[in-house]
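**Q** What follows is the file my_file.csv, containing CSV, N, CA and C atoms:
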chain,number,residue,atom,x,y,z
A,196,MET,N,-13.9,20.1,23.0
A,196,MET,CA,-12.5,20.2,23.3
A,196,MET,C,-12.0,18.9,23.9
A,197,THR,N,-12.8,18.2,24.7
A,197,THR,CA,-12.3,17.0,25.3
A,197,THR,C,-12.2,15.9,24.3
A,198,GLU,N,-12.9,16.0,23.2
A,198,GLU,CA,-12.8,15.0,22.1
A,198,GLU,C,-11.4,15.1,21.5
A,199,ILE,N,-10.9,16.2,21.4
A,199,ILE,CA,-9.5,16.4,20.8
A,199,ILE,C,-8.5,15.7,21.7
A,200,PHE,N,-8.6,16.0,23.0
A,200,PHE,CA,-7.6,15.3,23.9
A,200,PHE,C,-7.8,13.8,23.9
A,201,GLY,N,-9.0,13.3,23.8
A,201,GLY,CA,-9.3,11.9,23.8
A,201,GLY,C,-8.6,11.3,22.5
A,202,ALA,N,-8.7,12.0,21.4
A,202,ALA,CA,-8.1,11.5,20.2
A,202,ALA,C,-6.6,11.5,20.3
A,203,LEU,N,-6.1,12.5,20.8
A,203,LEU,CA,-4.6,12.6,21.0
A,203,LEU,C,-4.1,11.5,22.0
A,204,ARG,N,-4.9,11.3,23.0
A,204,ARG,CA,-4.5,10.2,24.0
A,204,ARG,C,-4.5,8.9,23.4
A,205,ARG,N,-5.5,8.6,22.6
A,205,ARG,CA,-5.6,7.3,21.9
A,205,ARG,C,-4.4,7.1,20.9
A,206,ALA,N,-4.1,8.2,20.2
A,206,ALA,CA,-3.0,8.1,19.2
A,206,ALA,C,-1.6,7.9,19.9
A,207,VAL,N,-1.4,8.4,21.0
A,207,VAL,CA,-0.1,8.3,21.6
A,207,VAL,C,0.0,7.2,22.7
A,208,ALA,N,-1.1,6.6,23.0
A,208,ALA,CA,-1.1,5.5,24.0
A,208,ALA,C,-1.7,4.3,23.5
A,209,PRO,N,-0.9,3.5,22.6
A,209,PRO,CA,-1.4,2.3,22.0
A,209,PRO,C,-1.8,1.3,23.1
A,210,GLY,N,-2.9,0.5,22.8
A,210,GLY,CA,-3.3,-0.5,23.7
A,210,GLY,C,-4.4,0.0,24.6
A,211,ARG,N,-4.6,1.2,24.7
A,211,ARG,CA,-5.7,1.8,25.5
A,211,ARG,C,-7.0,1.6,24.8
A,212,ARG,N,-8.1,1.8,25.5
A,212,ARG,CA,-9.4,1.7,25.0
A,212,ARG,C,-9.6,2.6,23.7
A,213,GLY,N,-10.0,2.0,22.6
A,213,GLY,CA,-10.3,2.8,21.4
A,213,GLY,C,-9.1,3.1,20.6
A,214,GLY,N,-7.9,2.7,21.1
A,214,GLY,CA,-6.7,3.0,20.3
A,214,GLY,C,-6.3,1.8,19.5
A,215,ARG,N,-5.1,1.8,19.1
A,215,ARG,CA,-4.6,0.6,18.3
A,215,ARG,C,-4.4,-0.5,19.3
A,216,PRO,N,-4.7,-1.8,18.8
A,216,PRO,CA,-4.6,-2.9,19.7
A,216,PRO,C,-3.1,-3.0,20.2
A,217,ALA,N,-3.0,-3.5,21.4
A,217,ALA,CA,-1.6,-3.6,22.0
A,217,ALA,C,-0.7,-4.5,21.3
A,218,GLY,N,-1.2,-5.5,20.6
A,218,GLY,CA,-0.4,-6.5,19.9
A,218,GLY,C,0.1,-6.1,18.5
A,219,SER,N,-0.5,-5.0,17.9
A,219,SER,CA,-0.2,-4.7,16.6
A,219,SER,C,1.2,-3.9,16.5
A,220,ALA,N,1.9,-4.2,15.5
A,220,ALA,CA,3.2,-3.6,15.3
A,220,ALA,C,3.1,-2.1,14.8
A,221,PRO,N,3.9,-1.2,15.4
A,221,PRO,CA,3.8,0.2,14.9
A,221,PRO,C,4.3,0.2,13.5
A,222,ALA,N,3.9,1.2,12.8
A,222,ALA,CA,4.4,1.5,11.4
A,222,ALA,C,5.9,1.8,11.5
A,223,PRO,N,6.6,1.3,10.5
A,223,PRO,CA,8.1,1.6,10.5
A,223,PRO,C,8.3,3.2,10.4
A,224,VAL,N,9.2,3.6,11.2
A,224,VAL,CA,9.5,5.1,11.3
A,224,VAL,C,10.8,5.3,10.6
A,225,ARG,N,10.8,6.3,9.7
A,225,ARG,CA,12.0,6.6,9.0
A,225,ARG,C,12.9,7.4,10.0
A,226,ARG,N,14.1,7.0,10.1
A,226,ARG,CA,15.1,7.6,11.0
A,226,ARG,C,15.3,9.0,10.5
A,227,GLN,N,15.2,10.0,11.4
A,227,GLN,CA,15.5,11.4,11.1
A,227,GLN,C,17.0,11.6,11.4
A,228,HIS,N,17.7,12.3,10.5
A,228,HIS,CA,19.1,12.6,10.6
A,228,HIS,C,19.2,14.1,10.9
A,229,ASN,N,20.1,14.4,11.8
A,229,ASN,CA,20.3,15.9,12.0
A,229,ASN,C,21.3,16.4,11.0
A,230,LEU,N,21.4,17.7,11.0
A,230,LEU,CA,22.3,18.4,10.0
A,230,LEU,C,23.7,18.0,10.2
A,231,PHE,N,24.2,17.8,11.4
A,231,PHE,CA,25.6,17.4,11.6
A,231,PHE,C,25.9,16.0,11.1
A,232,GLU,N,25.0,15.1,11.3
A,232,GLU,CA,25.1,13.7,10.8
A,232,GLU,C,25.2,13.8,9.2
A,233,ALA,N,24.3,14.6,8.7
A,233,ALA,CA,24.3,14.7,7.2
A,233,ALA,C,25.6,15.3,6.7
A,234,ALA,N,26.1,16.4,7.4
A,234,ALA,CA,27.4,17.0,7.0
A,234,ALA,C,28.5,16.1,7.1
A,235,ALA,N,28.6,15.3,8.2
A,235,ALA,CA,29.7,14.4,8.4
A,235,ALA,C,29.7,13.3,7.3
A,236,ALA,N,28.6,12.8,7.1
A,236,ALA,CA,28.5,11.7,6.0
A,236,ALA,C,28.8,12.3,4.6
A,237,PHE,N,28.3,13.5,4.4
A,237,PHE,CA,28.5,14.1,3.1
A,237,PHE,C,30.0,14.4,2.8
A,238,VAL,N,30.6,15.0,3.8
A,238,VAL,CA,32.1,15.4,3.7
A,238,VAL,C,32.9,14.1,3.6
A,239,ALA,N,32.6,13.1,4.4
A,239,ALA,CA,33.4,11.9,4.4
A,239,ALA,C,33.3,11.2,3.0
A,240,ALA,N,32.0,11.2,2.5
A,240,ALA,CA,31.8,10.6,1.2
A,240,ALA,C,32.5,11.4,0.1
A,241,SER,N,32.5,12.7,0.2
A,241,SER,CA,33.2,13.5,-0.7
A,241,SER,C,34.7,13.3,-0.7
A,242,ALA,N,35.2,13.1,0.5
A,242,ALA,CA,36.7,12.8,0.6
A,242,ALA,C,37.0,11.5,-0.1
A,243,GLU,N,36.1,10.6,0.0
A,243,GLU,CA,36.3,9.2,-0.6
A,243,GLU,C,35.8,9.1,-2.0
A,244,ASP,N,35.3,10.2,-2.5
A,244,ASP,CA,34.8,10.3,-3.9
A,244,ASP,C,33.7,9.3,-4.1
A,245,ASP,N,32.7,9.2,-3.2
A,245,ASP,CA,31.6,8.3,-3.2
A,245,ASP,C,30.3,9.0,-3.5
A,246,GLU,N,30.0,9.2,-4.8
A,246,GLU,CA,28.9,9.9,-5.2
A,246,GLU,C,27.5,9.4,-4.6
A,247,GLU,N,27.4,8.1,-4.6
A,247,GLU,CA,26.2,7.5,-4.1
A,247,GLU,C,25.9,7.9,-2.6
A,248,ARG,N,26.9,7.8,-1.8
A,248,ARG,CA,26.8,8.2,-0.4
A,248,ARG,C,26.6,9.7,-0.2
A,249,MET,N,27.2,10.5,-1.1
A,249,MET,CA,27.0,12.0,-1.1
A,249,MET,C,25.6,12.3,-1.4
A,250,ASP,N,25.0,11.6,-2.4
A,250,ASP,CA,23.6,11.9,-2.8
A,250,ASP,C,22.7,11.5,-1.6
A,251,GLU,N,23.0,10.3,-1.0
A,251,GLU,CA,22.1,9.9,0.1
A,251,GLU,C,22.2,10.9,1.3
A,252,ALA,N,23.3,11.3,1.7
A,252,ALA,CA,23.5,12.3,2.8
A,252,ALA,C,22.9,13.6,2.4
A,253,SER,N,23.0,14.0,1.2
A,253,SER,CA,22.4,15.3,0.8
A,253,SER,C,20.9,15.3,0.8
A,254,GLY,N,20.3,14.1,0.8
A,254,GLY,CA,18.8,14.0,0.9
A,254,GLY,C,18.3,14.0,2.3
A,255,TRP,N,19.2,13.9,3.3
A,255,TRP,CA,18.7,13.8,4.7
A,255,TRP,C,18.2,15.1,5.2
A,256,VAL,N,18.7,16.2,4.8
A,256,VAL,CA,18.3,17.6,5.3
A,256,VAL,C,18.2,18.5,4.1
A,257,SER,N,17.7,19.7,4.3
A,257,SER,CA,17.6,20.7,3.3
A,257,SER,C,19.0,21.2,2.8
A,258,PRO,N,19.1,21.7,1.6
A,258,PRO,CA,20.4,22.2,1.1
A,258,PRO,C,21.0,23.3,2.1
A,259,GLU,N,20.2,24.1,2.6
A,259,GLU,CA,20.6,25.1,3.5
A,259,GLU,C,21.2,24.5,4.8
A,260,GLN,N,20.5,23.5,5.3
A,260,GLN,CA,21.0,22.9,6.5
A,260,GLN,C,22.3,22.2,6.3
A,261,LEU,N,22.4,21.5,5.1
A,261,LEU,CA,23.7,20.8,4.8
A,261,LEU,C,24.8,21.8,4.6
A,262,SER,N,24.5,22.9,4.0
A,262,SER,CA,25.6,23.9,3.8
A,262,SER,C,26.1,24.4,5.2
A,263,PHE,N,25.1,24.7,6.1
A,263,PHE,CA,25.5,25.1,7.4
A,263,PHE,C,26.3,24.1,8.1
A,264,GLY,N,25.9,22.8,8.1
A,264,GLY,CA,26.6,21.7,8.7
A,264,GLY,C,28.0,21.5,8.2
A,265,VAL,N,28.2,21.6,6.8
A,265,VAL,CA,29.5,21.5,6.2
A,265,VAL,C,30.4,22.7,6.7
A,266,SER,N,29.8,23.9,6.7
A,266,SER,CA,30.6,25.0,7.2
A,266,SER,C,31.1,24.8,8.6
A,267,GLU,N,30.2,24.4,9.5
A,267,GLU,CA,30.5,24.2,10.9
A,267,GLU,C,31.6,23.1,11.0
A,268,LEU,N,31.5,22.0,10.2
A,268,LEU,CA,32.5,20.9,10.3
A,268,LEU,C,33.8,21.5,9.8
A,269,ALA,N,33.8,22.3,8.8
A,269,ALA,CA,35.1,22.9,8.3
A,269,ALA,C,35.7,23.8,9.4
A,270,CYS,N,34.9,24.6,10.0
A,270,CYS,CA,35.5,25.4,11.1
A,270,CYS,C,36.1,24.6,12.2
A,271,ARG,N,35.3,23.6,12.7
A,271,ARG,CA,35.8,22.8,13.8
A,271,ARG,C,37.1,22.0,13.4
A,272,ALA,N,37.1,21.5,12.1
A,272,ALA,CA,38.3,20.7,11.7
A,272,ALA,C,39.5,21.7,11.6
A,273,LEU,N,39.3,22.9,11.1
A,273,LEU,CA,40.4,23.8,10.9
A,273,LEU,C,40.9,24.2,12.3
A,274,ILE,N,40.1,24.5,13.2
A,274,ILE,CA,40.5,24.8,14.6
A,274,ILE,C,41.3,23.7,15.2
A,275,ALA,N,40.8,22.4,15.1
A,275,ALA,CA,41.5,21.3,15.6
A,275,ALA,C,42.9,21.1,15.0
A,276,LEU,N,42.9,21.2,13.7
A,276,LEU,CA,44.2,21.1,12.9
A,276,LEU,C,45.2,22.2,13.3
A,277,ALA,N,44.7,23.4,13.4
A,277,ALA,CA,45.5,24.5,13.8
A,277,ALA,C,46.1,24.3,15.2
A,278,ARG,N,45.3,23.9,16.1
A,278,ARG,CA,45.8,23.6,17.5
A,278,ARG,C,46.8,22.5,17.5
A,279,GLU,N,46.6,21.5,16.7
A,279,GLU,CA,47.5,20.3,16.6
A,279,GLU,C,48.9,20.8,16.0
A,280,ARG,N,48.8,21.7,15.1
A,280,ARG,CA,50.1,22.1,14.4
A,280,ARG,C,50.7,23.3,15.2
A,281,GLY,N,50.0,23.9,16.1
A,281,GLY,CA,50.5,25.1,16.8
A,281,GLY,C,50.5,26.3,15.9
A,282,GLU,N,49.6,26.4,14.9
A,282,GLU,CA,49.6,27.5,14.0
A,282,GLU,C,48.3,28.2,14.0
A,283,SER,N,48.1,29.3,13.4
A,283,SER,CA,46.8,30.0,13.4
A,283,SER,C,45.9,29.4,12.4
A,284,PRO,N,44.6,29.4,12.6
A,284,PRO,CA,43.6,28.9,11.7
A,284,PRO,C,43.8,29.5,10.3
A,285,GLN,N,44.1,30.8,10.2
A,285,GLN,CA,44.3,31.4,8.9
A,285,GLN,C,45.5,30.8,8.1
A,286,THR,N,46.6,30.5,8.8
A,286,THR,CA,47.8,29.9,8.2
A,286,THR,C,47.4,28.5,7.7
A,287,VAL,N,46.8,27.8,8.5
A,287,VAL,CA,46.4,26.4,8.1
A,287,VAL,C,45.5,26.4,7.0
A,288,ALA,N,44.4,27.2,7.0
A,288,ALA,CA,43.5,27.3,5.9
A,288,ALA,C,44.1,27.6,4.6
A,289,ARG,N,45.0,28.6,4.6
A,289,ARG,CA,45.7,29.0,3.4
A,289,ARG,C,46.6,27.9,2.8
A,290,GLU,N,47.2,27.2,3.8
A,290,GLU,CA,48.1,26.1,3.4
A,290,GLU,C,47.3,25.0,2.8
A,291,LEU,N,46.2,24.6,3.4
A,291,LEU,CA,45.3,23.6,2.9
A,291,LEU,C,44.8,23.8,1.5
A,292,LEU,N,44.5,25.1,1.2
A,292,LEU,CA,44.0,25.5,-0.1
A,292,LEU,C,45.1,25.8,-1.1
A,293,GLY,N,46.4,25.7,-0.7
A,293,GLY,CA,47.5,26.0,-1.6
A,293,GLY,C,47.6,27.4,-1.9
A,294,LEU,N,47.3,28.3,-1.0
A,294,LEU,CA,47.4,29.8,-1.2
A,294,LEU,C,48.7,30.2,-0.6
A,295,SER,N,49.2,31.3,-1.2
A,295,SER,CA,50.5,31.9,-0.7
A,295,SER,C,50.2,32.5,0.6
A,296,HIS,N,51.2,32.6,1.4
A,296,HIS,CA,51.1,33.3,2.7
A,296,HIS,C,50.9,34.8,2.5
A,297,ALA,N,50.0,35.4,3.2
A,297,ALA,CA,49.7,36.8,3.0
A,297,ALA,C,50.6,37.6,4.0
For this file, produce the structure as structure tokens.
**A**
Amino acid sequence: MTEIFGALRRAVAPGRRGGRPAGSAPAPVRRQHNLFEAAAAFVAASAEDDEERMDEASGWVSPEQLSFGVSELACRALIALARERGESPQTVARELLGLSHA
């Protein structure tokens, strides 16, 4: 059991005895994007009709996460726009989609 902890300690504490030398450069780490960053980038690229950026953003997270993020962004944007206009979210949503008033 102590061997496992020793291996973990060496892996997370570079420059220690038995670990990676202190002067060596760490391997490049790919930046992780969260679902809200992906949704924001995807929707902005979609609004600007930028297929390349849309494809890039859609690769940052799973399709399910992207869908959730886009839905959350739509809800937040709709609420903000409704407050700004002093109208109900339903009225604003229908207007944005070109639907008749119910």
**Q** Need to verify the contact set: segment 250-263 of chain A, 6.5 Å, all atoms listed in the file, exclusion of same-chain residues closer than 4 positions in sequence. Can you return it as a list in words?
**A** His228, Leu230, Ala233, Ala234, Ala236, Phe237, Asp245, Glu246, Glu267 and Leu268 of chain A
**Q** Using all atoms listed in the file, pick whichever of A:Pro284, A:Asp244, A:Met249, A:Val265 has the shortest atom-to-atom distance to Phe231 of chain A.
**A**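 Checking each candidate against Phe231 of chain A, we get A:Val265 as the closest.
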**Q** Could you pull out the residues in segment 214-292 of chain A that DSSP calls helix (DSSP H, G or I) from the backbone, as JSON, numbers by chain?
**A** {"A": [230, 231, 232, 233, 234, 235, 236, 237, 238, 239, 240, 241, 242, 246, 247, 248, 249, 250, 251, 252, 253, 258, 259, 260, 261, 262, 263, 264, 265, 266, 267, 268, 269, 270, 271, 272, 273, 274, 275, 276, 277, 278, 279, 280, 284, 285, 286, 287, 288, 289, 290, 291]}
**Q** Work out how far atom C of Ser283 of chain A is from atom C of Ser241 of chain A, in Å to one decimal.
**A** 23.6 Å
**Q** Just to confirm, what's the straight-line distance from atom N of Val238 of chain A to atom N of Ala269 of chain A in Å (one decimal)?
**A**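 Distance between the two atoms: 9.4 Å.
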**Q** Have a look at atom C of Ala277 of chain A and atom N of Asn229 of chain A and let me know their distance in Å, one decimal.
**A**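 We find that atom C of Ala277 of chain A and atom N of Asn229 of chain A lie 28.0 Å from each other.
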**Q** Check the smallest atom-to-atom distance from each of A:Leu273, A:Gln227, A:Ala235, A:Ala242 to Gln285 of chain A using only C-alpha atoms, then report the winner.
**A**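 Using only C-alpha atoms, the shortest distance to Gln285 of chain A belongs to A:Leu273.
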**Q** Where atoms are absent from segment 264-275 of chain A, fill them in so it carries all heavy atoms, then output it as a PDB file, in the coordinates of the input.
**A**
ATOM      1  N   GLY A 264      25.900  22.800   8.100  1.00  0.00           N
ATOM      2  CA  GLY A 264      26.600  21.700   8.700  1.00  0.00           C
ATOM      3  C   GLY A 264      28.000  21.500   8.200  1.00  0.00           C
ATOM      4  O   GLY A 264      28.982  21.307   8.918  1.00  0.00           O
ATOM      5  N   VAL A 265      28.200  21.600   6.800  1.00  0.00           N
ATOM      6  CA  VAL A 265      29.500  21.500   6.200  1.00  0.00           C
ATOM      7  C   VAL A 265      30.400  22.700   6.700  1.00  0.00           C
ATOM      8  O   VAL A 265      31.572  22.462   6.985  1.00  0.00           O
ATOM      9  CB  VAL A 265      29.385  21.430   4.688  1.00  0.00           C
ATOM     10  CG1 VAL A 265      30.740  21.565   4.020  1.00  0.00           C
ATOM     11  CG2 VAL A 265      28.719  20.116   4.270  1.00  0.00           C
ATOM     12  N   SER A 266      29.800  23.900   6.700  1.00  0.00           N
ATOM     13  CA  SER A 266      30.600  25.000   7.200  1.00  0.00           C
ATOM     14  C   SER A 266      31.100  24.800   8.600  1.00  0.00           C
ATOM     15  O   SER A 266      32.219  25.134   8.984  1.00  0.00           O
ATOM     16  CB  SER A 266      29.818  26.312   7.063  1.00  0.00           C
ATOM     17  OG  SER A 266      29.601  26.623   5.718  1.00  0.00           O
ATOM     18  N   GLU A 267      30.200  24.400   9.500  1.00  0.00           N
ATOM     19  CA  GLU A 267      30.500  24.200  10.900  1.00  0.00           C
ATOM     20  C   GLU A 267      31.600  23.100  11.000  1.00  0.00           C
ATOM     21  O   GLU A 267      32.502  23.217  11.807  1.00  0.00           O
ATOM     22  CB  GLU A 267      29.231  23.767  11.659  1.00  0.00           C
ATOM     23  CG  GLU A 267      29.443  23.638  13.141  1.00  0.00           C
ATOM     24  CD  GLU A 267      29.789  24.945  13.845  1.00  0.00           C
ATOM     25  OE1 GLU A 267      29.495  26.029  13.313  1.00  0.00           O
ATOM     26  OE2 GLU A 267      30.365  24.862  14.945  1.00  0.00           O
ATOM     27  N   LEU A 268      31.500  22.000  10.200  1.00  0.00           N
ATOM     28  CA  LEU A 268      32.500  20.900  10.300  1.00  0.00           C
ATOM     29  C   LEU A 268      33.800  21.500   9.800  1.00  0.00           C
ATOM     30  O   LEU A 268      34.843  21.181  10.428  1.00  0.00           O
ATOM     31  CB  LEU A 268      32.019  19.785   9.376  1.00  0.00           C
ATOM     32  CG  LEU A 268      32.985  18.613   9.241  1.00  0.00           C
ATOM     33  CD1 LEU A 268      33.292  17.978  10.594  1.00  0.00           C
ATOM     34  CD2 LEU A 268      32.412  17.573   8.288  1.00  0.00           C
ATOM     35  N   ALA A 269      33.800  22.300   8.800  1.00  0.00           N
ATOM     36  CA  ALA A 269      35.100  22.900   8.300  1.00  0.00           C
ATOM     37  C   ALA A 269      35.700  23.800   9.400  1.00  0.00           C
ATOM     38  O   ALA A 269      36.941  23.666   9.585  1.00  0.00           O
ATOM     39  CB  ALA A 269      34.828  23.699   7.018  1.00  0.00           C
ATOM     40  N   CYS A 270      34.900  24.600  10.000  1.00  0.00           N
ATOM     41  CA  CYS A 270      35.500  25.400  11.100  1.00  0.00           C
ATOM     42  C   CYS A 270      36.100  24.600  12.200  1.00  0.00           C
ATOM     43  O   CYS A 270      37.180  24.870  12.678  1.00  0.00           O
ATOM     44  CB  CYS A 270      34.385  26.350  11.635  1.00  0.00           C
ATOM     45  SG  CYS A 270      33.904  27.655  10.498  1.00  0.00           S
ATOM     46  N   ARG A 271      35.300  23.600  12.700  1.00  0.00           N
ATOM     47  CA  ARG A 271      35.800  22.800  13.800  1.00  0.00           C
ATOM     48  C   ARG A 271      37.100  22.000  13.400  1.00  0.00           C
ATOM     49  O   ARG A 271      38.005  21.867  14.160  1.00  0.00           O
ATOM     50  CB  ARG A 271      34.718  21.801  14.214  1.00  0.00           C
ATOM     51  CG  ARG A 271      33.550  22.501  14.880  1.00  0.00           C
ATOM     52  CD  ARG A 271      32.491  21.513  15.304  1.00  0.00           C
ATOM     53  NE  ARG A 271      31.297  22.194  15.782  1.00  0.00           N
ATOM     54  CZ  ARG A 271      30.327  21.601  16.446  1.00  0.00           C
ATOM     55  NH1 ARG A 271      30.399  20.302  16.712  1.00  0.00           N
ATOM     56  NH2 ARG A 271      29.276  22.278  16.841  1.00  0.00           N
ATOM     57  N   ALA A 272      37.100  21.500  12.100  1.00  0.00           N
ATOM     58  CA  ALA A 272      38.300  20.700  11.700  1.00  0.00           C
ATOM     59  C   ALA A 272      39.500  21.700  11.600  1.00  0.00           C
ATOM     60  O   ALA A 272      40.594  21.290  11.949  1.00  0.00           O
ATOM     61  CB  ALA A 272      37.976  20.079  10.340  1.00  0.00           C
ATOM     62  N   LEU A 273      39.300  22.900  11.100  1.00  0.00           N
ATOM     63  CA  LEU A 273      40.400  23.800  10.900  1.00  0.00           C
ATOM     64  C   LEU A 273      40.900  24.200  12.300  1.00  0.00           C
ATOM     65  O   LEU A 273      42.136  24.252  12.466  1.00  0.00           O
ATOM     66  CB  LEU A 273      39.874  25.055  10.165  1.00  0.00           C
ATOM     67  CG  LEU A 273      40.937  26.096   9.871  1.00  0.00           C
ATOM     68  CD1 LEU A 273      42.036  25.517   8.977  1.00  0.00           C
ATOM     69  CD2 LEU A 273      40.308  27.311   9.227  1.00  0.00           C
ATOM     70  N   ILE A 274      40.100  24.500  13.200  1.00  0.00           N
ATOM     71  CA  ILE A 274      40.500  24.800  14.600  1.00  0.00           C
ATOM     72  C   ILE A 274      41.300  23.700  15.200  1.00  0.00           C
ATOM     73  O   ILE A 274      42.376  23.876  15.778  1.00  0.00           O
ATOM     74  CB  ILE A 274      39.314  25.218  15.472  1.00  0.00           C
ATOM     75  CG1 ILE A 274      38.760  26.569  15.006  1.00  0.00           C
ATOM     76  CG2 ILE A 274      39.712  25.275  16.941  1.00  0.00           C
ATOM     77  CD1 ILE A 274      37.409  26.923  15.607  1.00  0.00           C
ATOM     78  N   ALA A 275      40.800  22.400  15.100  1.00  0.00           N
ATOM     79  CA  ALA A 275      41.500  21.300  15.600  1.00  0.00           C
ATOM     80  C   ALA A 275      42.900  21.100  15.000  1.00  0.00           C
ATOM     81  O   ALA A 275      43.869  20.841  15.659  1.00  0.00           O
ATOM     82  CB  ALA A 275      40.655  20.032  15.452  1.00  0.00           C
TER      83      ALA A 275
END
